[in-house]
Amino acid sequence: MGDVKGYIVSDGTLALGAPEKVFLGETTQKVEQALTRNFLPTEQIIVEQNILFFSLGNTNVLVETGVGSFRGFGEGAGQLVDNLRAAGIDPARIDAILCSHPHPDHVGGLCDTAGQPTFPHASIYLAEHDFAYWTDEALLDSWAAVAVRVARANLLPLRERLVFIRAGEEFLPGVTAHSTPGHTAEHICFEISAGTDSLFLLGDLAHHAVLSLENPLLHFAADLDPSTAAKTRTRVFSTLAAERTRVLGYHFPWPGLGHLAKQGDGFRFVPEPIRW
């Protein structure tokens, strides 16, 4: 984008479970039909983790960190560090890490199993409310216990490196935070601008390149506020489609680059051709 050169590095795949347990508010038959129409398995929802690395002058930026050593989503994930090194990127070179929200597949790679930072020189940018909620000790006996344990293990050892950001803030040159609540209370999407080019990072605004788009009102099981998430998704997708903004889908088929287009009452993802 303009003078900004980026790399999309995979942390591997996530196995989320049976479709009827992951996406709610539609009949099992219609969900299976949508998957079948798009040549996707119907017994298990499998999604990607597309992690963006780019440089702003002397600042090297990573967006999300994958699951790290957490194995709650199967054995296909946790590949980020190996893949960064395969791309010639030393984790010690990372200066800034952007986190849309503190769920396991976004902050799980911040620390190793001994609590030592995977990215020893990086500051971590995230929303303060989400940090407070997902590291709250009182939630360790709640439905959110697994996510809270992962967030506490990865964020609390790095407390002095956290930088809290607010919606609408351009907190790095050309990088703006957008409020997109619902999946978590203060979920943030990032937009990167360089000259006349821009890239909107969807984070967990959508979890599936078919189901989340064909029916944007479909509820995702891990949304903190599914109704708000659906409204936010519809609003933001409508804007991105109308303005023809390039997007990066964190959970879309690798590499996740493309555009959103209106289709009936929903949307469709148009992948960007890979230019070798």
# chains A, B, ... in the order shown; residues from 1 in each chain; ligands from 1

call {"tool": "residues_around", "arguments": {"residues": "A:Cys111", "least_positions_apart": "5", "cutoff": "8 Å", "atoms": "only C-alpha atoms", "output": "mmCIF file with N, CA, C and O atoms, in the first residue's frame"}}
result
data_model
loop_
_atom_site.group_PDB
_atom_site.id
_atom_site.type_symbol
_atom_site.label_atom_id
_atom_site.label_comp_id
_atom_site.auth_asym_id
_atom_site.auth_seq_id
_atom_site.Cartn_x
_atom_site.Cartn_y
_atom_site.Cartn_z
ATOM 1 N N GLY A 68 -0.415 -19.031 20.114
ATOM 2 C CA GLY A 68 0.765 -19.421 20.880
ATOM 3 C C GLY A 68 0.733 -20.894 21.227
ATOM 4 O O GLY A 68 0.476 -21.756 20.387
ATOM 5 N N GLN A 116 7.509 -15.750 29.442
ATOM 6 C CA GLN A 116 8.482 -14.831 28.859
ATOM 7 C C GLN A 116 7.956 -14.296 27.531
ATOM 8 O O GLN A 116 7.308 -15.017 26.770
ATOM 9 N N PRO A 117 8.221 -13.023 27.212
ATOM 10 C CA PRO A 117 7.674 -12.432 25.994
ATOM 11 C C PRO A 117 8.243 -13.050 24.724
ATOM 12 O O PRO A 117 9.454 -13.224 24.594
ATOM 13 N N THR A 118 7.366 -13.385 23.819
ATOM 14 C CA THR A 118 7.769 -13.904 22.515
ATOM 15 C C THR A 118 8.396 -12.801 21.667
ATOM 16 O O THR A 118 9.284 -13.059 20.856
ATOM 17 N N PHE A 119 7.934 -11.570 21.898
ATOM 18 C CA PHE A 119 8.404 -10.400 21.163
ATOM 19 C C PHE A 119 9.001 -9.431 22.187
ATOM 20 O O PHE A 119 8.296 -8.552 22.704
ATOM 21 N N ALA A 153 -2.442 -14.863 31.347
ATOM 22 C CA ALA A 153 -1.100 -15.440 31.193
ATOM 23 C C ALA A 153 -0.261 -14.673 30.186
ATOM 24 O O ALA A 153 0.970 -14.652 30.277
ATOM 25 N N ASN A 154 -0.925 -13.999 29.237
ATOM 26 C CA ASN A 154 -0.185 -13.324 28.176
ATOM 27 C C ASN A 154 -0.109 -11.814 28.333
ATOM 28 O O ASN A 154 0.831 -11.193 27.834
#

call {"tool": "select_by_dssp", "arguments": {"residues": "stretch 5-240 of chain A", "states": "strand (DSSP E)", "output": "short mmCIF file (atom, residue, chain, number, x, y, z; two decimals) with N, CA and C atoms, in the first residue's frame"}}
result
data_model
loop_
_atom_site.label_atom_id
_atom_site.label_comp_id
_atom_site.auth_asym_id
_atom_site.auth_seq_id
_atom_site.Cartn_x
_atom_site.Cartn_y
_atom_site.Cartn_z
N GLY A 6 3.85 -5.00 3.24
CA GLY A 6 3.39 -5.89 4.29
C GLY A 6 3.55 -7.35 3.92
N TYR A 7 3.53 -8.19 4.94
CA TYR A 7 3.56 -9.64 4.77
C TYR A 7 2.39 -10.22 5.56
N ILE A 8 1.72 -11.20 4.98
CA ILE A 8 0.66 -11.90 5.71
C ILE A 8 1.19 -13.27 6.09
N VAL A 9 1.27 -13.50 7.38
CA VAL A 9 1.88 -14.72 7.92
C VAL A 9 0.81 -15.51 8.66
N SER A 10 0.75 -16.79 8.42
CA SER A 10 -0.29 -17.63 9.02
C SER A 10 0.13 -18.18 10.38
N LEU A 14 -7.84 -22.90 12.81
CA LEU A 14 -8.58 -23.13 14.04
C LEU A 14 -9.76 -24.05 13.75
N ALA A 15 -9.92 -25.08 14.55
CA ALA A 15 -11.10 -25.94 14.48
C ALA A 15 -12.09 -25.45 15.52
N LEU A 16 -13.20 -24.85 15.07
CA LEU A 16 -14.13 -24.19 15.99
C LEU A 16 -15.25 -25.10 16.48
N GLY A 17 -15.50 -26.19 15.77
CA GLY A 17 -16.56 -27.09 16.21
C GLY A 17 -17.62 -27.27 15.15
N PHE A 23 -22.46 -21.17 14.83
CA PHE A 23 -23.29 -20.11 14.27
C PHE A 23 -24.75 -20.36 14.65
N LEU A 24 -25.35 -19.35 15.27
CA LEU A 24 -26.68 -19.49 15.86
C LEU A 24 -27.67 -18.53 15.20
N ILE A 45 -16.32 -26.39 11.51
CA ILE A 45 -15.95 -25.06 11.01
C ILE A 45 -14.44 -24.89 11.18
N ILE A 46 -13.74 -24.72 10.07
CA ILE A 46 -12.30 -24.51 10.09
C ILE A 46 -12.02 -23.12 9.53
N VAL A 47 -11.30 -22.30 10.30
CA VAL A 47 -10.96 -20.96 9.82
C VAL A 47 -9.47 -20.71 9.96
N ASN A 50 -4.87 -15.02 9.79
CA ASN A 50 -4.01 -14.27 8.87
C ASN A 50 -3.43 -13.06 9.59
N ILE A 51 -2.15 -13.12 9.90
CA ILE A 51 -1.50 -12.10 10.73
C ILE A 51 -0.65 -11.20 9.85
N LEU A 52 -0.89 -9.90 9.98
CA LEU A 52 -0.21 -8.92 9.14
C LEU A 52 1.04 -8.38 9.83
N PHE A 53 2.15 -8.36 9.09
CA PHE A 53 3.38 -7.69 9.51
C PHE A 53 3.66 -6.59 8.50
N PHE A 54 3.98 -5.40 8.99
CA PHE A 54 4.36 -4.31 8.09
C PHE A 54 5.25 -3.33 8.84
N SER A 55 5.91 -2.47 8.09
CA SER A 55 6.85 -1.50 8.67
C SER A 55 6.39 -0.09 8.38
N LEU A 56 6.47 0.76 9.42
CA LEU A 56 6.22 2.19 9.30
C LEU A 56 7.52 2.89 9.65
N THR A 59 9.54 1.48 12.53
CA THR A 59 8.67 0.73 13.43
C THR A 59 8.10 -0.49 12.73
N ASN A 60 8.40 -1.68 13.25
CA ASN A 60 7.87 -2.93 12.71
C ASN A 60 6.63 -3.33 13.50
N VAL A 61 5.54 -3.56 12.78
CA VAL A 61 4.23 -3.77 13.41
C VAL A 61 3.69 -5.16 13.08
N LEU A 62 3.11 -5.81 14.09
CA LEU A 62 2.44 -7.09 13.93
C LEU A 62 1.00 -6.91 14.40
N VAL A 63 0.05 -7.44 13.64
CA VAL A 63 -1.36 -7.34 14.03
C VAL A 63 -1.85 -8.71 14.46
N ALA A 96 5.84 -3.07 17.67
CA ALA A 96 4.45 -2.79 18.07
C ALA A 96 3.56 -3.96 17.68
N ILE A 97 2.67 -4.34 18.60
CA ILE A 97 1.70 -5.40 18.34
C ILE A 97 0.31 -4.81 18.55
N LEU A 98 -0.55 -4.95 17.55
CA LEU A 98 -1.91 -4.44 17.64
C LEU A 98 -2.86 -5.60 17.91
N SER A 123 5.76 -3.08 22.15
CA SER A 123 4.65 -2.51 22.90
C SER A 123 3.37 -3.13 22.36
N ILE A 124 2.35 -3.27 23.23
CA ILE A 124 1.11 -3.92 22.83
C ILE A 124 -0.02 -2.90 22.90
N TYR A 125 -0.71 -2.71 21.79
CA TYR A 125 -1.78 -1.72 21.69
C TYR A 125 -3.13 -2.43 21.73
N LEU A 126 -4.00 -2.02 22.65
CA LEU A 126 -5.34 -2.61 22.76
C LEU A 126 -6.24 -1.66 23.54
N LEU A 162 1.84 -2.30 27.85
CA LEU A 162 0.54 -2.09 27.23
C LEU A 162 0.31 -0.61 26.96
N VAL A 163 -0.25 -0.33 25.80
CA VAL A 163 -0.63 1.03 25.43
C VAL A 163 -2.11 1.00 25.09
N PHE A 164 -2.91 1.73 25.85
CA PHE A 164 -4.36 1.70 25.63
C PHE A 164 -4.74 2.73 24.56
N GLU A 170 -5.67 7.98 15.75
CA GLU A 170 -4.56 7.57 14.88
C GLU A 170 -3.34 7.43 15.79
N PHE A 171 -3.16 6.23 16.32
CA PHE A 171 -2.18 6.02 17.40
C PHE A 171 -0.78 5.71 16.87
N LEU A 172 -0.68 5.33 15.60
CA LEU A 172 0.59 5.23 14.88
C LEU A 172 0.39 5.94 13.55
N VAL A 175 -2.25 4.67 11.07
CA VAL A 175 -2.99 3.54 11.65
C VAL A 175 -4.06 4.08 12.59
N THR A 176 -5.32 3.81 12.28
CA THR A 176 -6.46 4.34 13.03
C THR A 176 -7.26 3.20 13.65
N ALA A 177 -7.73 3.43 14.87
CA ALA A 177 -8.58 2.46 15.58
C ALA A 177 -10.05 2.79 15.33
N HIS A 178 -10.85 1.76 15.02
CA HIS A 178 -12.29 1.94 14.82
C HIS A 178 -13.05 1.10 15.84
N SER A 179 -14.04 1.70 16.48
CA SER A 179 -14.88 0.97 17.44
C SER A 179 -15.83 0.05 16.70
N ILE A 188 -11.86 -3.67 18.53
CA ILE A 188 -11.33 -2.63 17.67
C ILE A 188 -10.92 -3.23 16.32
N CYS A 189 -11.30 -2.53 15.24
CA CYS A 189 -10.76 -2.83 13.92
C CYS A 189 -9.74 -1.76 13.58
N PHE A 190 -8.71 -2.16 12.88
CA PHE A 190 -7.64 -1.23 12.51
C PHE A 190 -7.71 -0.92 11.02
N GLU A 191 -7.44 0.34 10.69
CA GLU A 191 -7.35 0.75 9.29
C GLU A 191 -5.98 1.36 9.05
N ILE A 192 -5.31 0.88 8.02
CA ILE A 192 -3.98 1.36 7.68
C ILE A 192 -4.09 2.17 6.39
N SER A 193 -3.59 3.40 6.42
CA SER A 193 -3.64 4.27 5.25
C SER A 193 -2.23 4.65 4.83
N ALA A 194 -2.00 4.63 3.53
CA ALA A 194 -0.70 5.03 2.97
C ALA A 194 -0.96 5.70 1.64
N ASP A 197 -4.02 4.77 -0.71
CA ASP A 197 -4.40 3.38 -0.45
C ASP A 197 -4.77 3.19 1.02
N SER A 198 -5.66 2.24 1.27
CA SER A 198 -5.99 1.89 2.66
C SER A 198 -6.35 0.41 2.73
N LEU A 199 -6.24 -0.12 3.93
CA LEU A 199 -6.57 -1.52 4.20
C LEU A 199 -7.29 -1.57 5.53
N PHE A 200 -8.49 -2.17 5.53
CA PHE A 200 -9.30 -2.29 6.75
C PHE A 200 -9.17 -3.72 7.27
N LEU A 201 -8.70 -3.87 8.51
CA LEU A 201 -8.50 -5.19 9.10
C LEU A 201 -9.76 -5.57 9.88
N HIS A 219 -25.71 -15.07 14.40
CA HIS A 219 -24.97 -14.89 15.64
C HIS A 219 -23.81 -15.88 15.72
N PHE A 220 -22.68 -15.40 16.23
CA PHE A 220 -21.52 -16.25 16.47
C PHE A 220 -21.49 -16.60 17.95
#

call {"tool": "closest_residue", "arguments": {"among": "A:Ala87, A:Ala167, A:Ala147, A:Ala138", "to": "A:His103", "atoms": "only C-alpha atoms"}}
result
A:Ala147

call {"tool": "closest_residue", "arguments": {"among": "A:Gly258, A:Leu84, A:Thr42, A:Pro104", "to": "A:Ala209", "atoms": "only C-alpha atoms"}}
result
A:Gly258

call {"tool": "closest_residue", "arguments": {"among": "A:Phe70, A:Phe267, A:Tyr133, A:Trp276", "to": "A:His106", "atoms": "only C-alpha atoms"}}
result
A:Phe70

call {"tool": "select_by_dssp", "arguments": {"residues": "stretch 51-169 of chain A", "states": "alpha helix (DSSP H)", "output": "ChimeraX atom specification"}}
result
/A:80-86,104-107,128-134,145-155

call {"tool": "write_last_selection", "arguments": {"atoms": "N, CA and C atoms", "output": "short mmCIF file (atom, residue, chain, number, x, y, z; two decimals), in the first residue's frame"}}
result
data_model
loop_
_atom_site.label_atom_id
_atom_site.label_comp_id
_atom_site.auth_asym_id
_atom_site.auth_seq_id
_atom_site.Cartn_x
_atom_site.Cartn_y
_atom_site.Cartn_z
N LEU A 80 2.83 -19.25 14.22
CA LEU A 80 3.27 -17.90 13.87
C LEU A 80 4.79 -17.71 13.93
N VAL A 81 5.41 -18.08 15.03
CA VAL A 81 6.84 -17.81 15.18
C VAL A 81 7.64 -18.53 14.10
N ASP A 82 7.33 -19.81 13.85
CA ASP A 82 8.03 -20.55 12.80
C ASP A 82 7.84 -19.89 11.45
N ASN A 83 6.62 -19.42 11.17
CA ASN A 83 6.34 -18.83 9.87
C ASN A 83 6.94 -17.43 9.74
N LEU A 84 7.00 -16.69 10.85
CA LEU A 84 7.71 -15.40 10.80
C LEU A 84 9.17 -15.62 10.42
N ARG A 85 9.80 -16.60 11.08
CA ARG A 85 11.21 -16.87 10.79
C ARG A 85 11.39 -17.38 9.36
N ALA A 86 10.45 -18.17 8.87
CA ALA A 86 10.52 -18.64 7.49
C ALA A 86 10.43 -17.48 6.51
N PRO A 104 -8.09 -15.76 23.05
CA PRO A 104 -6.90 -16.63 22.95
C PRO A 104 -6.22 -16.64 21.59
N ASP A 105 -7.00 -16.55 20.49
CA ASP A 105 -6.40 -16.62 19.17
C ASP A 105 -5.87 -15.27 18.69
N HIS A 106 -5.86 -14.30 19.58
CA HIS A 106 -5.33 -12.97 19.24
C HIS A 106 -4.18 -12.56 20.16
N VAL A 107 -4.22 -13.00 21.41
CA VAL A 107 -3.14 -12.63 22.35
C VAL A 107 -2.38 -13.84 22.87
N GLU A 128 -8.54 -0.45 26.66
CA GLU A 128 -8.41 -0.61 28.11
C GLU A 128 -9.56 -1.41 28.71
N HIS A 129 -10.79 -1.15 28.26
CA HIS A 129 -11.94 -1.85 28.82
C HIS A 129 -11.83 -3.35 28.58
N ASP A 130 -11.45 -3.73 27.35
CA ASP A 130 -11.31 -5.15 27.04
C ASP A 130 -10.19 -5.79 27.86
N PHE A 131 -9.10 -5.07 28.05
CA PHE A 131 -8.02 -5.59 28.90
C PHE A 131 -8.54 -5.86 30.30
N ALA A 132 -9.25 -4.91 30.88
CA ALA A 132 -9.75 -5.06 32.25
C ALA A 132 -10.74 -6.22 32.36
N TYR A 133 -11.61 -6.34 31.38
CA TYR A 133 -12.64 -7.39 31.43
C TYR A 133 -12.02 -8.78 31.31
N TRP A 134 -11.15 -8.97 30.30
CA TRP A 134 -10.65 -10.31 30.01
C TRP A 134 -9.48 -10.74 30.90
N ALA A 145 -13.87 -18.57 31.59
CA ALA A 145 -12.65 -18.91 32.33
C ALA A 145 -11.46 -19.21 31.43
N VAL A 146 -11.65 -19.99 30.37
CA VAL A 146 -10.52 -20.36 29.51
C VAL A 146 -9.91 -19.13 28.86
N ALA A 147 -10.76 -18.27 28.29
CA ALA A 147 -10.27 -17.06 27.63
C ALA A 147 -9.58 -16.13 28.63
N VAL A 148 -10.12 -16.04 29.82
CA VAL A 148 -9.54 -15.18 30.85
C VAL A 148 -8.18 -15.70 31.29
N ARG A 149 -8.05 -17.02 31.44
CA ARG A 149 -6.75 -17.60 31.82
C ARG A 149 -5.69 -17.29 30.77
N VAL A 150 -6.06 -17.44 29.49
CA VAL A 150 -5.10 -17.17 28.42
C VAL A 150 -4.73 -15.68 28.40
N ALA A 151 -5.72 -14.82 28.55
CA ALA A 151 -5.46 -13.38 28.53
C ALA A 151 -4.56 -12.98 29.71
N ARG A 152 -4.85 -13.50 30.89
CA ARG A 152 -4.04 -13.16 32.06
C ARG A 152 -2.60 -13.66 31.90
N ALA A 153 -2.44 -14.86 31.35
CA ALA A 153 -1.10 -15.44 31.19
C ALA A 153 -0.26 -14.67 30.19
N ASN A 154 -0.92 -14.00 29.24
CA ASN A 154 -0.18 -13.32 28.18
C ASN A 154 -0.11 -11.81 28.33
N LEU A 155 -1.07 -11.22 29.02
CA LEU A 155 -1.09 -9.77 29.15
C LEU A 155 -0.52 -9.27 30.46
#

call {"tool": "residues_around", "arguments": {"residues": "A:Pro226", "least_positions_apart": "3", "cutoff": "10 Å", "atoms": "only C-alpha atoms", "output": "PDB file with N, CA, C and O atoms, in the first residue's frame"}}
result
ATOM      1  N   LEU A  24     -25.350 -19.352  15.271  1.00  0.00           N
ATOM      2  CA  LEU A  24     -26.679 -19.490  15.856  1.00  0.00           C
ATOM      3  C   LEU A  24     -27.665 -18.529  15.196  1.00  0.00           C
ATOM      4  O   LEU A  24     -27.282 -17.483  14.693  1.00  0.00           O
ATOM      5  N   PRO A 181     -18.002  -2.725  18.358  1.00  0.00           N
ATOM      6  CA  PRO A 181     -18.393  -3.528  19.520  1.00  0.00           C
ATOM      7  C   PRO A 181     -19.333  -4.673  19.164  1.00  0.00           C
ATOM      8  O   PRO A 181     -19.971  -4.675  18.117  1.00  0.00           O
ATOM      9  N   GLY A 182     -19.386  -5.633  20.068  1.00  0.00           N
ATOM     10  CA  GLY A 182     -20.301  -6.763  19.933  1.00  0.00           C
ATOM     11  C   GLY A 182     -19.606  -8.072  20.226  1.00  0.00           C
ATOM     12  O   GLY A 182     -19.998  -8.801  21.135  1.00  0.00           O
ATOM     13  N   HIS A 183     -18.560  -8.372  19.461  1.00  0.00           N
ATOM     14  CA  HIS A 183     -17.810  -9.595  19.748  1.00  0.00           C
ATOM     15  C   HIS A 183     -17.209  -9.499  21.149  1.00  0.00           C
ATOM     16  O   HIS A 183     -17.266 -10.447  21.930  1.00  0.00           O
ATOM     17  N   THR A 184     -16.616  -8.359  21.450  1.00  0.00           N
ATOM     18  CA  THR A 184     -16.304  -7.962  22.825  1.00  0.00           C
ATOM     19  C   THR A 184     -16.817  -6.537  22.970  1.00  0.00           C
ATOM     20  O   THR A 184     -17.163  -5.882  21.983  1.00  0.00           O
ATOM     21  N   LEU A 217     -26.508 -11.113  10.006  1.00  0.00           N
ATOM     22  CA  LEU A 217     -27.235 -11.090  11.277  1.00  0.00           C
ATOM     23  C   LEU A 217     -27.104 -12.403  12.042  1.00  0.00           C
ATOM     24  O   LEU A 217     -27.566 -12.521  13.179  1.00  0.00           O
ATOM     25  N   LEU A 218     -26.473 -13.395  11.416  1.00  0.00           N
ATOM     26  CA  LEU A 218     -26.232 -14.675  12.069  1.00  0.00           C
ATOM     27  C   LEU A 218     -25.343 -14.463  13.297  1.00  0.00           C
ATOM     28  O   LEU A 218     -24.369 -13.725  13.249  1.00  0.00           O
ATOM     29  N   HIS A 219     -25.714 -15.070  14.403  1.00  0.00           N
ATOM     30  CA  HIS A 219     -24.966 -14.891  15.640  1.00  0.00           C
ATOM     31  C   HIS A 219     -23.806 -15.881  15.716  1.00  0.00           C
ATOM     32  O   HIS A 219     -23.938 -17.042  15.318  1.00  0.00           O
ATOM     33  N   PHE A 220     -22.685 -15.402  16.234  1.00  0.00           N
ATOM     34  CA  PHE A 220     -21.522 -16.253  16.466  1.00  0.00           C
ATOM     35  C   PHE A 220     -21.488 -16.604  17.952  1.00  0.00           C
ATOM     36  O   PHE A 220     -21.660 -15.734  18.814  1.00  0.00           O
ATOM     37  N   ALA A 221     -21.250 -17.868  18.265  1.00  0.00           N
ATOM     38  CA  ALA A 221     -21.407 -18.357  19.632  1.00  0.00           C
ATOM     39  C   ALA A 221     -20.525 -17.630  20.648  1.00  0.00           C
ATOM     40  O   ALA A 221     -20.899 -17.503  21.815  1.00  0.00           O
ATOM     41  N   ALA A 222     -19.353 -17.148  20.230  1.00  0.00           N
ATOM     42  CA  ALA A 222     -18.432 -16.515  21.175  1.00  0.00           C
ATOM     43  C   ALA A 222     -18.604 -14.998  21.272  1.00  0.00           C
ATOM     44  O   ALA A 222     -17.832 -14.333  21.957  1.00  0.00           O
ATOM     45  N   ASP A 223     -19.625 -14.450  20.594  1.00  0.00           N
ATOM     46  CA  ASP A 223     -19.871 -13.015  20.711  1.00  0.00           C
ATOM     47  C   ASP A 223     -20.384 -12.686  22.105  1.00  0.00           C
ATOM     48  O   ASP A 223     -21.308 -13.343  22.610  1.00  0.00           O
ATOM     49  N   ALA A 229     -23.142  -7.236  17.869  1.00  0.00           N
ATOM     50  CA  ALA A 229     -22.150  -7.681  16.884  1.00  0.00           C
ATOM     51  C   ALA A 229     -22.765  -7.741  15.491  1.00  0.00           C
ATOM     52  O   ALA A 229     -22.136  -7.321  14.512  1.00  0.00           O
ATOM     53  N   ALA A 230     -23.984  -8.251  15.391  1.00  0.00           N
ATOM     54  CA  ALA A 230     -24.654  -8.357  14.089  1.00  0.00           C
ATOM     55  C   ALA A 230     -24.927  -6.976  13.498  1.00  0.00           C
ATOM     56  O   ALA A 230     -24.730  -6.749  12.296  1.00  0.00           O
ATOM     57  N   LYS A 231     -25.380  -6.054  14.339  1.00  0.00           N
ATOM     58  CA  LYS A 231     -25.648  -4.691  13.853  1.00  0.00           C
ATOM     59  C   LYS A 231     -24.351  -4.011  13.416  1.00  0.00           C
ATOM     60  O   LYS A 231     -24.307  -3.343  12.389  1.00  0.00           O
ATOM     61  N   THR A 232     -23.296  -4.178  14.213  1.00  0.00           N
ATOM     62  CA  THR A 232     -21.999  -3.582  13.866  1.00  0.00           C
ATOM     63  C   THR A 232     -21.488  -4.160  12.560  1.00  0.00           C
ATOM     64  O   THR A 232     -21.007  -3.428  11.679  1.00  0.00           O
TER      65      THR A 232
END

call {"tool": "closest_residue", "arguments": {"among": "A:Ser69, A:Asn38, A:Thr28, A:Thr135", "to": "A:Ala114", "atoms": "only C-alpha atoms"}}
result
A:Ser69

call {"tool": "atom_distance", "arguments": {"atom1": "atom CA of A:Thr196", "atom2": "atom CA of A:Lys5"}}
result
14.5 Å

call {"tool": "residues_around", "arguments": {"residues": "A:Tyr250", "least_positions_apart": "4", "cutoff": "7 Å", "atoms": "only C-alpha atoms", "output": "PyMOL selection string"}}
result
chain A and resi 48-51+202-203+256

call {"tool": "write_last_selection", "arguments": {"atoms": "N, CA and C atoms", "output": "PDB file, in the first residue's frame"}}
result
ATOM      1  N   GLU A  48      -9.003 -19.654   9.313  1.00  0.00           N
ATOM      2  CA  GLU A  48      -7.584 -19.317   9.296  1.00  0.00           C
ATOM      3  C   GLU A  48      -7.259 -18.254  10.349  1.00  0.00           C
ATOM      4  N   GLN A  49      -5.969 -17.966  10.477  1.00  0.00           N
ATOM      5  CA  GLN A  49      -5.486 -16.835  11.262  1.00  0.00           C
ATOM      6  C   GLN A  49      -4.447 -16.110  10.407  1.00  0.00           C
ATOM      7  N   ASN A  50      -4.868 -15.023   9.785  1.00  0.00           N
ATOM      8  CA  ASN A  50      -4.011 -14.272   8.866  1.00  0.00           C
ATOM      9  C   ASN A  50      -3.434 -13.065   9.595  1.00  0.00           C
ATOM     10  N   ILE A  51      -2.149 -13.115   9.900  1.00  0.00           N
ATOM     11  CA  ILE A  51      -1.501 -12.104  10.728  1.00  0.00           C
ATOM     12  C   ILE A  51      -0.651 -11.199   9.852  1.00  0.00           C
ATOM     13  N   LEU A 202     -10.381  -6.658   9.494  1.00  0.00           N
ATOM     14  CA  LEU A 202     -11.693  -7.010  10.043  1.00  0.00           C
ATOM     15  C   LEU A 202     -11.646  -7.581  11.449  1.00  0.00           C
ATOM     16  N   GLY A 203     -10.476  -8.078  11.895  1.00  0.00           N
ATOM     17  CA  GLY A 203     -10.432  -8.692  13.216  1.00  0.00           C
ATOM     18  C   GLY A 203     -11.487  -9.772  13.334  1.00  0.00           C
ATOM     19  N   GLY A 256      -6.500 -13.831   2.812  1.00  0.00           N
ATOM     20  CA  GLY A 256      -7.565 -13.026   3.399  1.00  0.00           C
ATOM     21  C   GLY A 256      -7.722 -11.632   2.826  1.00  0.00           C
TER      22      GLY A 256
END

call {"tool": "closest_residue", "arguments": {"among": "A:Leu240, A:Val31, A:Thr13, A:Ala92", "to": "A:Trp254", "atoms": "only C-alpha atoms"}}
result
A:Thr13

call {"tool": "atom_distance", "arguments": {"atom1": "atom CA of A:Gly66", "atom2": "atom CA of A:Gly109"}}
result
5.4 Å
